[in-house]
Amino acid sequence: MDFAARITTRPVPTDPVRGAHARAAVALSDPALAALIEGAAGASPYLAGLIGAEAEWLPGAIARDPAPEALVAAETGAMGDLSATDLGPALRRAKGRVALYAALADLGGVWDLDAVTLALTTLADRATDLALRAHVADELRRGKMPAPRLGANPDAGGIFALAMGKMGARELNYSSDIDLIIMYDDAAYAPEDQHEIRASLIRATRKAAATLSELTAHGYVFRTDLRLRPDASVTPVCISASAALAYYEAEGRSWERAAYIKARPCAGDLAAGASFLEALRPFVWRRHLDFATVEDTHDMRRRIRDHKGLHGDIRAPGHNMKLGRGGIREIEFFAQTRQLIAGGRDPDLRSPRTVDALAALAAKGWIPDEVAAELAAHYAEHRRIEHRIQMVNDAQTHTLPATPGAMVNVVNLDGADDVGAWSRRLEVRLARVEDLTGDFFAPDAAGEDRPELTPEQEALVESWQSYPALRSPRAQQLFSRIEPRILNALFRAADAADALGRFDRFLRGLPAGVQLFSMFESNPSLIDLVGDICATSPALAGYLARHPEVLDAVLAGSFFAPWPGDQGLREALSELLDQTLAAPQGGYERALDAARRWAHEWQFRIGVHHLRGLIEAEEAGQHYADVADAAVAALAPVVAAEFARRHGPPPGAGAVVLGMGSLGARQLNASSDLDLIVIYDPLGAETSEGPKPLATRSYYARLTQALLTALSAPTATGRLFEVDMRLRPSGRQGPVATSIESFRAYQMDEAWTWEHLALTRARVVGVIPGADAGAGGPLAARLEALRVEVLETRGSDPRVVPDLADMRRRIFAAKAPDGRWEAKVGRGRLQDLELLAQSLALRTGSPARGATAQLRAGQRAGLVSPAEARELTDARRFLWRLQCSGRLLTDGPLDMDHLGRGGQDFLLRETGADTLDALSARLEATVEAAGAIIDAATAEPAPAD
């Protein structure tokens, strides 16, 4: 059936004269086609202009009746050989033709929504690919592109574009801009060529974006937005894939996870783009429920409404079809939040297309079939109206005109002539969408049966009615509804009486219960939270019993707020310390106590989030490190200021605190201590200047001791951290603070290989400004430059691999794996794997600190194969999950019988195992495979014959 025979609808010409001119300009004898042309031009000045410009081309195109992809191929197929200069006008003509044909097919009902958006997206893909390739080719002709490393064969220089948003989902709207993230495969080039390839591809990206988006006499192709890239305010328009991965691993945010649901490679080196997305998959698709991300989505929705002023009654005139109530974004958020909840475990739920996602969610039982079908139908209607809004004047808008009179063009394009009736139908649909996309999963904790209790347990539960938290009738009523679920959660423990006792101590300490019990009832996950703490983690349960005030954050709603990040934590703690120091009853000791309470609350939050599956082990490790960073960074100047009152300001340029080991790599667990080194620069100063001056060396030694006391001394409020300084030069025999020149000399001339390995993870976590802090440049920057210099200089030492092999033998001889479930110590386990990663960073002179990035550096240098790097990365991730999760449950060796069902279930969930036997088998296989790779990587070459 040809184009004309499939016409089912036609627009109404708002301007009959303009419509008649367009009809006359196009030689079409079929009356249905002629009426379609007349209606489209009569209701849209933009389409009237396109029809006039393409009057000769249009009849032939309609006669060919191409499918969406064939249409784009026909209009762009000969553009591959065009120069960058000629490409721009050619693409603009193709854009006009595709836009015209798609509009007529849309308005006539010849194409459905999928076909229309496919045509627009296919053109965007093709245009992006042509523009990138043309400008990369220019860079190559100008001799600005270095040759790839031996064996690498990057396509288009390794550059690739990720289509995001609606382009990524192949759902571009009629006048959409395109959201792109441009990257390049830096693994395809040698380290010494990285600067040159980066500069060339940045230039190519800028020129390609201009080719697509600049408004010329021929119009534009697509408005192009590159701001979704990592840290867009400070990064260039094209970044390396490894830099992007490092960013997402360390700093990726919830909205970026959601954005990557729709991401796909669309241009350039598609294979490199696919590899990047595969490496990023664990960041986007987490295995467990993530309340923080879901809350982020709801917060974003509220912020959009507040910012755009989209509250109030639903009225069609002036309504934003994308962001307004009951609009397109509501349906997208509805699907995306449920995808983020369940898509980590079920790949079938990861479709980037909204309608497909709704269908998959219904198929898996997350939403009823009828809800999915109805939302899909409303989504198609909303998108159709969105297209008509944009077709009027090719404007990137989603808002209907504010008055009924101004809405005539949109209504006429939609084939209607009664603005009032059309508006009323739309308002009904918008209201229905809002109803369907509200809080769909209304929690209901009622209906559970209580577990069977012993007489002693019944007596204990009865005594709860006399506690302050249950003294009001309302509290008693609320608690009666949630009590069965609490008891069931407690009875998951191996020793239900013990878990019940922990909960009893918690409940007894609550001053009131209505607010907390109300939150429990509305969010049953919080019931399980407290139950799981008592049933699963003795350490967290004990803390909760001693400090029930930590739940203030839960009651205030911030406990499940998005993670504030390192900088946010530093600012918050610094402000708290300043307020405590300035308070009438404050002072130095009270400030230290405030810091301890602050850190304990954040550590408790991390443990709870991890236990409840709100974050995974990787995130937990980073969050623990963020708290430690903030504590050291905020306390160091406070301790220094207190010390300076007696001994004067720190002489010279001051000092920095280096985080080593797991702190340097930003991967701590619940029981980690802090490995620290203090480095100072005296700048020739011999003494301090104060009431009790000290020689410079003594000054910094005693200041370091004061900082250690502030961080590690036990007080009534507990200990902040255990601190280990044995990684300093000469270990226990060396001074607790070292000058930068002594540190340089030691690292260059005396340090052992293990000390150079430790340096690969060193990171400045605290700064103590000196009296002459401005002299010589920032000490932290100089120390980082020295670190890189040492790695680049000492990493080529032929003793590195033999020394590593010897270290492994000594470690294995000194301590065997601590039981069946050991994840850290032993061949092929975390410590062994991370030592290899550190050696790769040392041998390549890489500044990377995290094991994954260090393995990647070794792969780029050819020291490990891609397959080995992947296997070791997967092994490290699995072992870290077991280690981090185990340390949340106990400080000692894992004993599955002692942990009980709750602890076992937590470990199985974290490691993705179905049974303990499966977990044991995977641990054994993982350790053996990793150990074999490390054995081979550290083996000394056989002597020549």
# chains A, B, ... in the order shown; residues from 1 in each chain; ligands from 1
>>> residues_around(residues="Gly690 of chain A", least_positions_apart="3", cutoff="8 Å", atoms="only C-alpha atoms", output="list in words")
Ala644, Arg645, Arg646, His647, Gly648, Pro649 and Pro693 of chain A
>>> residues_around(residues="Gly766 of chain A", least_positions_apart="4", cutoff="7 Å", atoms="only C-alpha atoms", output="number ranges by chain")
A: 632-633, 636, 656-657
>>> select_by_dssp(residues="segment 626-866 of chain A", states="alpha helix (DSSP H)", output="number ranges by chain")
A: 626-647, 661-664, 696-712, 740-745, 753-759, 779-794, 800-814, 830-844, 851-860, 866
>>> atom_distance(atom1="atom CA of Arg782 of chain A", atom2="atom CA of Ile740 of chain A")
9.2 Å
>>> residues_around(residues="segment 820-837 of chain A", least_positions_apart="2", cutoff="6 Å", atoms="only C-alpha atoms", output="MDAnalysis selection string")
chainID A and resid 812 817:818 839:840 851 854:855 879 883 927 930:931
>>> write_last_selection(atoms="C-alpha atoms", output="compact mmCIF listing (two decimals), in the first residue's frame")
# COMPACT_ATOMS: atom_id res chain seq x y z
CA PHE A 812 51.98 -16.14 52.84
CA PRO A 817 43.99 -17.27 55.33
CA ASP A 818 41.82 -16.82 58.40
CA SER A 839 53.16 -2.89 41.13
CA LEU A 840 51.53 -2.18 37.76
CA ALA A 851 43.15 -1.02 42.08
CA GLN A 854 45.91 0.60 38.30
CA LEU A 855 45.00 -2.65 36.55
CA LEU A 879 36.40 -10.09 47.10
CA GLN A 883 35.42 -8.29 52.79
CA VAL A 927 41.01 -17.00 44.43
CA ALA A 930 43.38 -14.64 40.43
CA GLY A 931 46.26 -16.39 42.15
